[in-house]
Structure formats: structure tokens, C-alpha cells
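A.B. asks: My questions all concern the structure below.
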Amino acid sequence: MSRLDVLPEVQRAGTVAFGLPFTGAGLRGDIIIEGQPPPPPELIVKKLVVSAGYFSVMNIPLLKGRVFSSHDTERSSPTIIVSASFARQFFLNESAVGKRIDPGFGGSKLYTVAGIVGDVKSPGGGRRAPLAIYLPYSQAPRPFLQTFITLIVRTDGDP
């Protein structure tokens, strides 16, 4: 990433594991929200593991809180970012920022919501944006991330 960031034609660069949002890809599965009953098993929550620059490259706006930074490391408190549709679904009358979520990767690890970002429409142009949570690449379980990483780059010209 640091080598890409210094190229003159590169505006921003980032990574995403397990699929770009508009492809319909992404991990799905159980989540646990601290202090709430388990969501119904048929509810789909898209899970994406992203680098600090991901939201900037993809032009996904920050609505509240903060996005990931270089301060989100293996040694810092685990953080997570949620989509606006996720925040509305589970925290209708309160802010999602500061709430804790187990994204379901094993180990019952709770991640604190650091921010809320705009929704990204799914393929097919459906009316409802998919519920999504984003974990920082720097804090996700390593064996889990050994494959399926996509490099994303925004350039000034023809990539």
C-alpha cells in the first residue's frame, strides 16, 4: 500500500477481503449484538474486511464517528464500522457508535462500533441496501484473510 500511495497517478488505494460491495460478494453469517437478542437466522449481514483507505477509495461517506486508521492495530481495542442500514435496523432510537458487536468469526470477540458509513446498493438495484459491517484488516483473524484480497485503486487517469 505504501508503494502504491506514492505513485503520482494514484489518488488513493485500499484493500478489501472477500469481495467488493457492488458485486454481491462478502461473507455472511451470524452476528451477536451486545445486549440484544440474536438476530433471526434468515437475516443476512454482509461482512467485509477492509484497509484503512477503503472508504475513501470507494467514496463511501462517513456519517458518524470515524473510519479506520493506522491506530487500529492488533494491539488496540477491536473496532468495527457499520452501514447506515445496519445502524437503523439494530439501533433505531440510539446511536450505534460505541455499541459492541461480535461479528461471528469465532472466539466471541467483541468489536466496538467506531463509525457509521453510507449504504452501498447491491447488484440488481434493489430498494433496500444490504446490512453491512466492516472490520479493519489490521484486526481481523489472520488465517481468515490469507486469500480473496482485492486491491482497489482510484487513479487520476486510465488505470
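By order in the C-alpha cells, chains are A, B, ...; within a chain, residues start at 1; ligands start at 1, following the order shown.
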Ala140 of chain A: which residues within 12 Å, counting only C-alpha atoms, same-chain residues fewer than 3 positions away excluded, as a compact mmCIF listing (two decimals) with N, CA and C atoms, in the first residue's frame?

C.D. replies:
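Final file, around.txt:
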```
# COMPACT_ATOMS: atom_id res chain seq x y z
N VAL A 16 -9.79 -4.86 0.15
CA VAL A 16 -10.99 -5.45 0.71
C VAL A 16 -10.85 -6.96 0.57
N ALA A 17 -11.20 -7.68 1.62
CA ALA A 17 -11.17 -9.14 1.57
C ALA A 17 -12.58 -9.66 1.32
N LYS A 47 -20.37 -9.06 5.63
CA LYS A 47 -19.16 -8.74 6.39
C LYS A 47 -18.02 -8.52 5.41
N LEU A 48 -17.38 -7.37 5.51
CA LEU A 48 -16.23 -7.07 4.66
C LEU A 48 -15.05 -6.71 5.55
N VAL A 49 -13.88 -7.17 5.19
CA VAL A 49 -12.66 -6.86 5.92
C VAL A 49 -11.87 -5.91 5.03
N VAL A 50 -11.62 -4.69 5.53
CA VAL A 50 -11.08 -3.64 4.67
C VAL A 50 -9.87 -2.95 5.30
N SER A 51 -9.10 -2.28 4.44
CA SER A 51 -7.97 -1.49 4.91
C SER A 51 -8.45 -0.10 5.33
N ASP A 72 -5.69 1.63 14.40
CA ASP A 72 -6.43 0.38 14.61
C ASP A 72 -5.49 -0.78 14.29
N THR A 73 -4.85 -1.31 15.32
CA THR A 73 -3.85 -2.36 15.15
C THR A 73 -4.26 -3.60 15.94
N GLU A 74 -3.45 -4.64 15.82
CA GLU A 74 -3.68 -5.86 16.59
C GLU A 74 -3.65 -5.58 18.09
N ARG A 75 -2.92 -4.56 18.50
CA ARG A 75 -2.75 -4.27 19.93
C ARG A 75 -3.80 -3.29 20.48
N SER A 77 -7.83 -1.66 20.84
CA SER A 77 -9.17 -2.22 21.05
C SER A 77 -9.81 -2.54 19.70
N PRO A 78 -10.46 -3.69 19.57
CA PRO A 78 -11.08 -4.07 18.31
C PRO A 78 -12.21 -3.10 17.92
N THR A 79 -12.17 -2.64 16.68
CA THR A 79 -13.18 -1.71 16.19
C THR A 79 -13.90 -2.28 14.98
N ILE A 80 -15.08 -1.75 14.74
CA ILE A 80 -15.90 -2.19 13.62
C ILE A 80 -16.66 -0.96 13.12
N ASP A 102 -20.17 -8.82 18.19
CA ASP A 102 -19.35 -9.99 17.86
C ASP A 102 -19.68 -10.33 16.42
N PRO A 103 -18.73 -10.14 15.48
CA PRO A 103 -19.03 -10.38 14.07
C PRO A 103 -19.11 -11.85 13.68
N GLY A 104 -18.90 -12.75 14.63
CA GLY A 104 -19.09 -14.16 14.35
C GLY A 104 -17.93 -14.86 13.68
N PHE A 105 -16.71 -14.44 13.96
CA PHE A 105 -15.54 -15.10 13.40
C PHE A 105 -14.93 -16.10 14.36
N GLY A 106 -15.63 -16.44 15.42
CA GLY A 106 -15.11 -17.37 16.41
C GLY A 106 -14.43 -16.64 17.54
N GLY A 107 -14.45 -17.23 18.69
CA GLY A 107 -13.77 -16.65 19.83
C GLY A 107 -14.59 -15.64 20.61
N LYS A 109 -15.29 -12.54 20.25
CA LYS A 109 -14.58 -11.28 20.42
C LYS A 109 -15.53 -10.13 20.10
N LEU A 110 -15.61 -9.16 21.01
CA LEU A 110 -16.48 -8.01 20.81
C LEU A 110 -15.70 -6.84 20.20
N TYR A 111 -16.25 -6.28 19.14
CA TYR A 111 -15.67 -5.13 18.46
C TYR A 111 -16.55 -3.92 18.76
N TYR A 134 -18.08 -3.70 8.67
CA TYR A 134 -16.72 -3.65 8.14
C TYR A 134 -15.75 -3.82 9.29
N LEU A 135 -14.81 -4.73 9.11
CA LEU A 135 -13.76 -4.94 10.10
C LEU A 135 -12.45 -4.45 9.51
N PRO A 136 -11.57 -3.88 10.34
CA PRO A 136 -10.28 -3.45 9.80
C PRO A 136 -9.39 -4.67 9.53
N TYR A 137 -8.75 -4.64 8.38
CA TYR A 137 -7.83 -5.70 8.01
C TYR A 137 -6.80 -5.94 9.10
N PRO A 143 -5.50 -16.14 9.65
CA PRO A 143 -5.71 -17.26 8.72
C PRO A 143 -6.93 -17.03 7.84
N PHE A 144 -7.87 -16.32 8.37
CA PHE A 144 -9.10 -16.00 7.68
C PHE A 144 -8.85 -15.13 6.45
N LEU A 145 -7.77 -14.36 6.46
CA LEU A 145 -7.51 -13.39 5.40
C LEU A 145 -6.41 -13.77 4.43
N GLN A 146 -6.02 -14.99 4.39
CA GLN A 146 -4.89 -15.36 3.54
C GLN A 146 -5.23 -15.39 2.06
```

A.B. asks: Excluding Lys64 of chain A and its own-chain neighbours fewer than 6 positions away, which residues fall within 9 Å of it when counting only C-alpha atoms? Please give them as a list in words.

C.D. replies: Ser95, Val97, Ala114, Gly115, Ile116 and Val117 of chain A

A.B. asks: For those residues, write all heavy atoms to a file as a compact mmCIF listing (two decimals), in the first residue's frame.

C.D. replies:
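Generated file (again-v5.txt):
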```
# COMPACT_ATOMS: atom_id res chain seq x y z
N SER A 95 -27.66 5.84 19.03
CA SER A 95 -26.51 5.79 18.15
C SER A 95 -25.82 4.43 18.23
O SER A 95 -25.68 3.86 19.31
CB SER A 95 -25.50 6.88 18.52
OG SER A 95 -24.34 6.76 17.72
N VAL A 97 -22.68 4.09 17.42
CA VAL A 97 -21.29 4.35 17.80
C VAL A 97 -21.12 4.05 19.29
O VAL A 97 -21.90 4.50 20.12
CB VAL A 97 -20.88 5.79 17.47
CG1 VAL A 97 -19.47 6.10 17.99
CG2 VAL A 97 -20.94 6.03 15.97
N ALA A 114 -16.99 2.05 15.76
CA ALA A 114 -16.27 3.31 15.71
C ALA A 114 -16.96 4.33 14.81
O ALA A 114 -16.78 5.53 14.98
CB ALA A 114 -14.84 3.09 15.21
N GLY A 115 -17.73 3.83 13.83
CA GLY A 115 -18.35 4.75 12.90
C GLY A 115 -19.50 4.12 12.13
O GLY A 115 -19.69 2.90 12.14
N ILE A 116 -20.26 5.00 11.49
CA ILE A 116 -21.36 4.60 10.62
C ILE A 116 -21.08 5.21 9.26
O ILE A 116 -20.78 6.41 9.15
CB ILE A 116 -22.71 5.12 11.15
CG1 ILE A 116 -22.96 4.61 12.57
CG2 ILE A 116 -23.85 4.72 10.21
CD1 ILE A 116 -24.12 5.30 13.27
N VAL A 117 -21.16 4.38 8.21
CA VAL A 117 -20.91 4.86 6.85
C VAL A 117 -22.16 4.69 6.01
O VAL A 117 -23.09 3.96 6.37
CB VAL A 117 -19.72 4.11 6.19
CG1 VAL A 117 -18.42 4.41 6.93
CG2 VAL A 117 -19.97 2.62 6.12
```

A.B. asks: As an exercise, work out the distance from atom CA of Phe55 of chain A to atom CA of Glu34 of chain A in Å and give it to one decimal place.

C.D. replies: 25.6 Å

A.B. asks: Just list the residues in chain A DSSP gives strand (DSSP E) on the backbone, as an MDAnalysis selection string.

C.D. replies: chainID A and resid 10:17 27:28 32:33 45:50 62:65 79:83 100:102 111:117 131:136 149:155

A.B. asks: As a list in words, list the residues of segment 1-157 of chain A assigned to alpha helix (DSSP H) by DSSP on the backbone atoms of this structure.

C.D. replies: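 Across segment 1-157 of chain A, those assigned alpha helix (DSSP H) are Ser2, Arg3, Leu4, Asp5, Tyr54, Phe55, Ser56, Val57, Ala84, Ser85, Phe86, Ala87, Arg88, Gln89 and Phe90 of chain A.
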
A.B. asks: What is the atom CA of Ser83 of chain A-atom CA of Pro61 of chain A distance in Å, reported with one decimal?

C.D. replies: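 Between atom CA of Ser83 of chain A and atom CA of Pro61 of chain A the gap works out to 10.0 Å.
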
A.B. asks: Can you work out which one of A:Lys99, A:Gly118, A:Ala87, A:Pro37 has the shortest atom-to-atom distance to Val67 of chain A, counting only C-alpha atoms?

C.D. replies: A:Gly118

A.B. asks: Please determine, counting only C-alpha atoms, which residue among A:Ala129, A:Ile152, A:Ile60, A:Ala13 has the shortest atom-to-atom distance to Met1 of chain A.

C.D. replies: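 Between A:Ala129, A:Ile152, A:Ile60, A:Ala13, the residue approaching Met1 of chain A most closely is A:Ala13.
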
A.B. asks: Any idea what's packed within 10 Å of Gln11 of chain A, counting only C-alpha atoms, ignoring anything in its chain fewer than 4 positions away? Could you give it as a PyMOL selection string?

C.D. replies: chain A and resi 4-7+56-57+153-157

A.B. asks: Okay, now the selection with all heavy atoms, as a PDB file, in the first residue's frame?

C.D. replies:
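Result file is selection_1.pdb:
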```
ATOM      1  N   LEU A   4       2.117   1.973  -3.472  1.00  0.00           N
ATOM      2  CA  LEU A   4       1.074   2.493  -4.356  1.00  0.00           C
ATOM      3  C   LEU A   4       0.760   3.946  -4.047  1.00  0.00           C
ATOM      4  O   LEU A   4       0.562   4.762  -4.955  1.00  0.00           O
ATOM      5  CB  LEU A   4      -0.207   1.681  -4.203  1.00  0.00           C
ATOM      6  CG  LEU A   4      -0.327   0.432  -5.027  1.00  0.00           C
ATOM      7  CD1 LEU A   4      -1.568  -0.341  -4.617  1.00  0.00           C
ATOM      8  CD2 LEU A   4      -0.375   0.754  -6.498  1.00  0.00           C
ATOM      9  N   ASP A   5       0.684   4.273  -2.776  1.00  0.00           N
ATOM     10  CA  ASP A   5       0.293   5.619  -2.363  1.00  0.00           C
ATOM     11  C   ASP A   5       1.236   6.712  -2.874  1.00  0.00           C
ATOM     12  O   ASP A   5       0.828   7.863  -2.986  1.00  0.00           O
ATOM     13  CB  ASP A   5       0.199   5.706  -0.838  1.00  0.00           C
ATOM     14  CG  ASP A   5      -1.071   5.055  -0.308  1.00  0.00           C
ATOM     15  OD1 ASP A   5      -2.052   4.945  -1.072  1.00  0.00           O
ATOM     16  OD2 ASP A   5      -1.075   4.654   0.872  1.00  0.00           O
ATOM     17  N   VAL A   6       2.481   6.380  -3.188  1.00  0.00           N
ATOM     18  CA  VAL A   6       3.429   7.398  -3.643  1.00  0.00           C
ATOM     19  C   VAL A   6       3.468   7.541  -5.164  1.00  0.00           C
ATOM     20  O   VAL A   6       4.107   8.454  -5.666  1.00  0.00           O
ATOM     21  CB  VAL A   6       4.863   7.124  -3.104  1.00  0.00           C
ATOM     22  CG1 VAL A   6       4.873   7.183  -1.587  1.00  0.00           C
ATOM     23  CG2 VAL A   6       5.399   5.808  -3.615  1.00  0.00           C
ATOM     24  N   LEU A   7       2.773   6.685  -5.897  1.00  0.00           N
ATOM     25  CA  LEU A   7       2.741   6.819  -7.354  1.00  0.00           C
ATOM     26  C   LEU A   7       1.953   8.071  -7.728  1.00  0.00           C
ATOM     27  O   LEU A   7       0.866   8.311  -7.190  1.00  0.00           O
ATOM     28  CB  LEU A   7       2.103   5.586  -7.991  1.00  0.00           C
ATOM     29  CG  LEU A   7       2.872   4.275  -7.838  1.00  0.00           C
ATOM     30  CD1 LEU A   7       2.070   3.110  -8.411  1.00  0.00           C
ATOM     31  CD2 LEU A   7       4.232   4.375  -8.526  1.00  0.00           C
ATOM     32  N   SER A  56     -12.477   5.788   1.588  1.00  0.00           N
ATOM     33  CA  SER A  56     -12.082   6.915   0.756  1.00  0.00           C
ATOM     34  C   SER A  56     -12.009   6.506  -0.721  1.00  0.00           C
ATOM     35  O   SER A  56     -12.515   7.207  -1.587  1.00  0.00           O
ATOM     36  CB  SER A  56     -10.727   7.450   1.231  1.00  0.00           C
ATOM     37  OG  SER A  56     -10.271   8.471   0.387  1.00  0.00           O
ATOM     38  N   VAL A  57     -11.389   5.385  -0.997  1.00  0.00           N
ATOM     39  CA  VAL A  57     -11.266   4.916  -2.380  1.00  0.00           C
ATOM     40  C   VAL A  57     -12.641   4.654  -2.989  1.00  0.00           C
ATOM     41  O   VAL A  57     -12.910   5.003  -4.139  1.00  0.00           O
ATOM     42  CB  VAL A  57     -10.402   3.630  -2.472  1.00  0.00           C
ATOM     43  CG1 VAL A  57     -10.386   3.085  -3.891  1.00  0.00           C
ATOM     44  CG2 VAL A  57      -8.994   3.893  -1.995  1.00  0.00           C
ATOM     45  N   VAL A 153      -7.901   0.737  -6.338  1.00  0.00           N
ATOM     46  CA  VAL A 153      -7.101   1.932  -6.567  1.00  0.00           C
ATOM     47  C   VAL A 153      -7.948   2.965  -7.303  1.00  0.00           C
ATOM     48  O   VAL A 153      -8.637   2.632  -8.269  1.00  0.00           O
ATOM     49  CB  VAL A 153      -5.840   1.600  -7.399  1.00  0.00           C
ATOM     50  CG1 VAL A 153      -5.003   2.850  -7.655  1.00  0.00           C
ATOM     51  CG2 VAL A 153      -5.009   0.535  -6.722  1.00  0.00           C
ATOM     52  N   ARG A 154      -7.901   4.206  -6.868  1.00  0.00           N
ATOM     53  CA  ARG A 154      -8.528   5.323  -7.582  1.00  0.00           C
ATOM     54  C   ARG A 154      -7.380   6.109  -8.212  1.00  0.00           C
ATOM     55  O   ARG A 154      -6.442   6.500  -7.516  1.00  0.00           O
ATOM     56  CB  ARG A 154      -9.329   6.194  -6.626  1.00  0.00           C
ATOM     57  CG  ARG A 154     -10.079   7.307  -7.340  1.00  0.00           C
ATOM     58  CD  ARG A 154     -11.093   7.975  -6.456  1.00  0.00           C
ATOM     59  NE  ARG A 154     -12.156   7.091  -6.036  1.00  0.00           N
ATOM     60  CZ  ARG A 154     -13.235   6.783  -6.752  1.00  0.00           C
ATOM     61  NH1 ARG A 154     -13.381   7.289  -7.948  1.00  0.00           N
ATOM     62  NH2 ARG A 154     -14.160   5.982  -6.283  1.00  0.00           N
ATOM     63  N   THR A 155      -7.470   6.312  -9.520  1.00  0.00           N
ATOM     64  CA  THR A 155      -6.384   6.976 -10.249  1.00  0.00           C
ATOM     65  C   THR A 155      -6.857   8.290 -10.861  1.00  0.00           C
ATOM     66  O   THR A 155      -8.044   8.564 -10.955  1.00  0.00           O
ATOM     67  CB  THR A 155      -5.858   6.070 -11.387  1.00  0.00           C
ATOM     68  OG1 THR A 155      -6.896   5.893 -12.355  1.00  0.00           O
ATOM     69  CG2 THR A 155      -5.402   4.725 -10.860  1.00  0.00           C
ATOM     70  N   ASP A 156      -5.885   9.077 -11.297  1.00  0.00           N
ATOM     71  CA  ASP A 156      -6.187  10.335 -11.996  1.00  0.00           C
ATOM     72  C   ASP A 156      -6.547  10.093 -13.451  1.00  0.00           C
ATOM     73  O   ASP A 156      -7.183  10.920 -14.076  1.00  0.00           O
ATOM     74  CB  ASP A 156      -4.969  11.272 -11.948  1.00  0.00           C
ATOM     75  CG  ASP A 156      -4.783  11.874 -10.573  1.00  0.00           C
ATOM     76  OD1 ASP A 156      -5.784  12.139  -9.910  1.00  0.00           O
ATOM     77  OD2 ASP A 156      -3.624  12.087 -10.186  1.00  0.00           O
ATOM     78  N   GLY A 157      -6.113   8.982 -14.010  1.00  0.00           N
ATOM     79  CA  GLY A 157      -6.353   8.692 -15.421  1.00  0.00           C
ATOM     80  C   GLY A 157      -6.741   7.249 -15.628  1.00  0.00           C
ATOM     81  O   GLY A 157      -7.284   6.597 -14.739  1.00  0.00           O
TER      82      GLY A 157
END
```

A.B. asks: Find, counting only C-alpha atoms, the residue in A:Ser2, A:Ser108, A:Gln139, A:Thr150 that gets nearest to Ile32 of chain A.

C.D. replies: A:Ser108
